[in-house]
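Here is the file run16.cif (mmCIF, C-alpha atoms).
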```cif
data_my_file
loop_
_atom_site.label_atom_id
_atom_site.label_comp_id
_atom_site.auth_asym_id
_atom_site.auth_seq_id
_atom_site.Cartn_x
_atom_site.Cartn_y
_atom_site.Cartn_z
CA MET P 1 118.95 79.36 73.05
CA PRO P 2 118.28 83.04 73.88
CA GLU P 3 120.90 85.70 73.34
CA PRO P 4 122.82 86.59 76.53
CA ILE P 5 121.61 89.71 78.30
CA PRO P 6 124.41 92.33 78.39
CA ALA P 7 125.88 92.58 81.90
CA SER P 8 125.35 96.36 81.87
CA VAL P 9 121.58 95.94 81.92
CA LEU P 10 121.24 92.92 84.19
CA ARG P 11 118.97 92.94 87.21
CA HIS P 12 118.02 89.93 89.26
CA VAL P 13 114.60 88.78 90.40
CA PHE P 14 113.66 86.13 92.97
CA VAL P 15 110.47 84.24 92.06
CA TYR P 16 108.77 81.97 94.58
CA GLY P 17 105.34 81.01 93.22
CA THR P 18 103.51 80.90 89.91
CA LEU P 19 106.45 82.52 88.08
CA ARG P 20 108.73 79.56 88.86
CA ARG P 21 109.66 77.17 86.04
CA GLU P 22 106.84 74.85 85.01
CA GLU P 23 104.26 76.80 87.00
CA VAL P 24 101.21 78.50 85.49
CA ARG P 25 103.02 81.84 84.85
CA ASP P 26 106.47 80.32 84.14
CA ILE P 27 108.90 83.26 83.82
CA THR P 28 110.91 81.38 81.18
CA ARG P 29 107.99 81.75 78.76
CA LEU P 30 108.12 85.55 78.99
CA HIS P 31 110.04 87.82 76.60
CA PRO P 32 112.70 88.95 76.60
CA GLN P 33 113.59 85.58 78.11
CA PRO P 34 115.39 85.63 81.47
CA GLN P 35 118.49 83.64 82.35
CA LEU P 36 118.34 81.23 85.28
CA VAL P 37 120.99 82.02 87.89
CA GLY P 38 119.99 79.25 90.31
CA THR P 39 117.78 78.17 93.15
CA ALA P 40 117.76 80.30 96.27
CA SER P 41 115.95 81.22 99.46
CA VAL P 42 115.02 84.39 101.28
CA ALA P 43 114.00 85.12 104.87
CA GLY P 44 110.23 85.22 105.07
CA VAL P 45 106.88 83.52 105.44
CA LEU P 46 104.95 82.08 102.50
CA TYR P 47 101.13 82.20 102.51
CA ASP P 48 98.72 80.12 100.45
CA LEU P 49 96.24 82.44 98.74
CA GLY P 50 94.63 79.68 96.67
CA PRO P 51 95.80 80.04 93.06
CA TYR P 52 99.03 81.82 94.05
CA PRO P 53 101.21 82.50 97.10
CA GLY P 54 102.19 85.65 98.94
CA LEU P 55 105.56 86.27 100.58
CA VAL P 56 106.01 88.41 103.69
CA LEU P 57 109.70 89.20 104.07
CA GLY P 58 111.69 88.80 107.28
CA GLY P 59 111.69 86.52 110.28
CA GLU P 60 113.26 83.16 110.94
CA GLY P 61 111.66 81.14 108.13
CA ARG P 62 113.04 80.59 104.63
CA VAL P 63 111.09 80.77 101.37
CA LEU P 64 112.43 78.79 98.42
CA GLY P 65 112.49 79.97 94.83
CA GLU P 66 114.59 80.74 91.77
CA VAL P 67 116.76 83.69 90.77
CA TYR P 68 116.82 85.00 87.20
CA ALA P 69 118.87 87.65 85.44
CA ILE P 70 116.40 89.91 83.65
CA SER P 71 116.42 92.84 81.26
CA ALA P 72 114.80 96.20 81.95
CA GLU P 73 112.00 95.25 79.52
CA LEU P 74 111.22 92.07 81.43
CA GLU P 75 111.36 93.93 84.73
CA GLN P 76 108.69 96.29 83.43
CA LEU P 77 106.54 93.33 82.32
CA LEU P 78 106.88 91.75 85.78
CA ASP P 79 105.78 95.03 87.36
CA GLU P 80 102.67 94.91 85.18
CA ILE P 81 101.96 91.25 86.04
CA GLU P 82 102.29 91.97 89.78
CA GLU P 83 100.28 95.18 89.36
CA VAL P 84 102.83 97.54 90.87
CA TRP P 85 103.12 99.64 87.68
CA PRO P 86 101.45 101.38 85.87
CA GLN P 87 98.28 100.30 87.69
CA GLN P 88 98.86 99.88 91.41
CA SER P 89 96.50 97.39 92.99
CA GLY P 90 98.24 97.56 96.37
CA GLU P 91 98.53 93.77 96.54
CA TYR P 92 102.31 93.62 96.01
CA THR P 93 105.23 95.95 96.68
CA ARG P 94 108.61 95.83 94.94
CA ARG P 95 111.51 95.26 97.29
CA GLU P 96 115.23 94.71 96.85
CA VAL P 97 116.57 92.17 99.33
CA PRO P 98 119.52 89.82 99.69
CA VAL P 99 118.71 86.24 98.76
CA GLN P 100 120.77 83.18 99.53
CA LEU P 101 121.81 81.25 96.45
CA ASP P 102 122.09 77.51 97.03
CA GLY P 103 125.55 76.59 98.16
CA GLY P 104 126.20 79.69 100.29
CA SER P 105 126.15 80.11 104.04
CA ALA P 106 124.73 83.61 104.58
CA PRO P 107 123.21 86.45 102.51
CA SER P 108 126.41 88.46 102.93
CA SER P 109 128.58 85.65 101.52
CA ALA P 110 129.76 85.43 97.94
CA ALA P 111 126.72 83.24 97.24
CA GLY P 112 124.33 86.06 98.25
CA LEU P 113 122.73 88.35 95.69
CA VAL P 114 120.45 91.39 95.98
CA CYS P 115 117.27 90.68 94.04
CA LEU P 116 113.99 92.28 93.16
CA VAL P 117 111.20 90.54 95.13
CA TYR P 118 107.47 91.16 95.02
CA GLU P 119 106.21 91.18 98.63
CA ILE P 120 102.52 90.70 99.40
CA ASN P 121 100.71 93.40 101.37
CA ARG P 122 100.38 92.03 104.92
CA THR P 123 96.67 92.88 105.01
CA ARG P 124 96.09 90.41 102.14
CA VAL P 125 97.40 87.42 104.11
CA ALA P 126 95.47 87.92 107.36
CA GLY P 127 93.86 84.59 108.23
CA GLN P 128 95.44 82.77 105.26
CA PRO P 129 97.28 79.46 105.78
CA VAL P 130 101.06 79.44 105.99
CA ILE P 131 103.01 77.13 103.68
CA THR P 132 105.26 75.82 106.44
CA SER P 133 107.76 74.23 104.04
CA GLY P 134 108.40 77.67 102.50
CA ASP P 135 108.09 75.99 99.09
CA TRP P 136 105.09 76.75 96.82
CA ARG P 137 105.58 73.38 95.11
CA ARG P 138 105.22 71.55 98.42
CA ARG P 139 102.00 73.25 99.47
CA ALA P 140 98.94 71.32 100.57
CA PRO P 141 96.55 70.11 97.85
CA PRO P 142 94.23 72.83 96.44
CA ARG P 143 91.32 73.77 98.66
#
```

How does the structure come out when it is put into structure tokens?
Amino acid sequence: MPEPIPASVLRHVFVYGTLRREEVRDITRLHPQPQLVGTASVAGVLYDLGPYPGLVLGGEGRVLGEVYAISAELEQLLDEIEEVWPQQSGEYTRREVPVQLDGGSAPSSAAGLVCLVYEINRTRVAGQPVITSGDWRRRAPPR
């Protein structure tokens, strides 16, 4: 079992696609290893980009995912994976948004938590199919 991350350096990240457990880029295989906080959802629309999804924040829909407590070192690694730092591809942007942990009623409730989220650039999803379930794992079979 990994050592607990000191509370003074904790940040939280919401992952909704290939970084989810048992997916191709499973965040739990990265180091320093994150700590699962729980399943959650965020307001947004999820797009199917083939091998990975893209999340556009806001609106009436909900996108499902997982929240992890992460260290500063892992946050930097995630920025590299999503190409927001040091190289900036323009595909994703870092955002901090309230997510709804399972069991809560609203993002402002005690079950809500502000998390780092990587939002897709809206120009990258033009014409792409929407994953209407909001759940990457429940997407249509690969094209």

Problem - Which residue of P:Gly38, P:Pro32, P:Gly17, P:Pro51 approaches Val117 in chain P most closely, using only C-alpha atoms - result: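 Checking each of P:Gly38, P:Pro32, P:Gly17, P:Pro51 against Val117 in chain P, counting only C-alpha atoms, the winner is P:Gly17.
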
Practice task
Given the file shown, enumerate the residues that the PyMOL selection byres ((chain P and resi 138) around 12) captures and present them as an NGL selection string.
Solution key: :P and (16-17 or 46 or 48 or 53 or 63-65 or 130-137 or 139-142)

Using the selection just defined, write its residues with C-alpha atoms as a short mmCIF file (atom, residue, chain, number, x, y, z; two decimals), keeping the file's coordinate frame.
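result_16.cif, freshly written:
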```
data_model
loop_
_atom_site.label_atom_id
_atom_site.label_comp_id
_atom_site.auth_asym_id
_atom_site.auth_seq_id
_atom_site.Cartn_x
_atom_site.Cartn_y
_atom_site.Cartn_z
CA TYR P 16 108.77 81.97 94.58
CA GLY P 17 105.34 81.01 93.22
CA LEU P 46 104.95 82.08 102.50
CA ASP P 48 98.72 80.12 100.45
CA PRO P 53 101.21 82.50 97.10
CA VAL P 63 111.09 80.77 101.37
CA LEU P 64 112.43 78.79 98.42
CA GLY P 65 112.49 79.97 94.83
CA VAL P 130 101.06 79.44 105.99
CA ILE P 131 103.01 77.13 103.68
CA THR P 132 105.26 75.82 106.44
CA SER P 133 107.76 74.23 104.04
CA GLY P 134 108.40 77.67 102.50
CA ASP P 135 108.09 75.99 99.09
CA TRP P 136 105.09 76.75 96.82
CA ARG P 137 105.58 73.38 95.11
CA ARG P 139 102.00 73.25 99.47
CA ALA P 140 98.94 71.32 100.57
CA PRO P 141 96.55 70.11 97.85
CA PRO P 142 94.23 72.83 96.44
#
```

Exercise for the section: Name the residues that the PyMOL selection byres ((chain P and resi 93) around 6) pulls out of this structure, and write them as an MDAnalysis selection string. Expected result: chainID P and resid 92 94 118:119

Exercise for the section: Choose the residue, out of P:Val97, P:Leu116, P:Glu91, P:Glu83, that has the smallest atom-to-atom separation from Leu49 in chain P; count all atoms listed in the file. Expected result: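 When distances to Leu49 in chain P are compared using all atoms listed in the file, the smallest one comes from P:Glu91.
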
Exercise for the section: Identify the residues around (111.2, 80.6, 104.6) within a radius of 6 Å, measuring from all atoms listed in the file in the coordinates stated by the file, and give them as a list in words. Expected result: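 The requested residues, written out, are Ala43, Gly44, Val45, Gly61, Arg62, Val63 and Gly134 of chain P.
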
C-alpha atoms of the current selection, written as a PDB file, in the coordinates of the input:
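Ended up saving to part-v9.pdb:
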```pdb
ATOM      1  CA  ALA P  43     114.000  85.120 104.870  1.00  0.00           C
ATOM      2  CA  GLY P  44     110.230  85.220 105.070  1.00  0.00           C
ATOM      3  CA  VAL P  45     106.880  83.520 105.440  1.00  0.00           C
ATOM      4  CA  GLY P  61     111.660  81.140 108.130  1.00  0.00           C
ATOM      5  CA  ARG P  62     113.040  80.590 104.630  1.00  0.00           C
ATOM      6  CA  VAL P  63     111.090  80.770 101.370  1.00  0.00           C
ATOM      7  CA  GLY P 134     108.400  77.670 102.500  1.00  0.00           C
TER       8      GLY P 134
END
```

Just the residues within 12 Å of Arg25 in chain P, please, counting all atoms listed in the file, with nothing from its chain fewer than 4 positions along; format it as a compact mmCIF listing (two decimals) with C-alpha atoms, in the coordinates of the input.
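Dumped everything to part_11.txt:
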```txt
# COMPACT_ATOMS: atom_id res chain seq x y z
CA VAL P 15 110.47 84.24 92.06
CA TYR P 16 108.77 81.97 94.58
CA GLY P 17 105.34 81.01 93.22
CA THR P 18 103.51 80.90 89.91
CA LEU P 19 106.45 82.52 88.08
CA ARG P 20 108.73 79.56 88.86
CA ARG P 21 109.66 77.17 86.04
CA ARG P 29 107.99 81.75 78.76
CA LEU P 30 108.12 85.55 78.99
CA PRO P 51 95.80 80.04 93.06
CA TYR P 52 99.03 81.82 94.05
CA LEU P 78 106.88 91.75 85.78
CA ILE P 81 101.96 91.25 86.04
CA GLU P 82 102.29 91.97 89.78
```
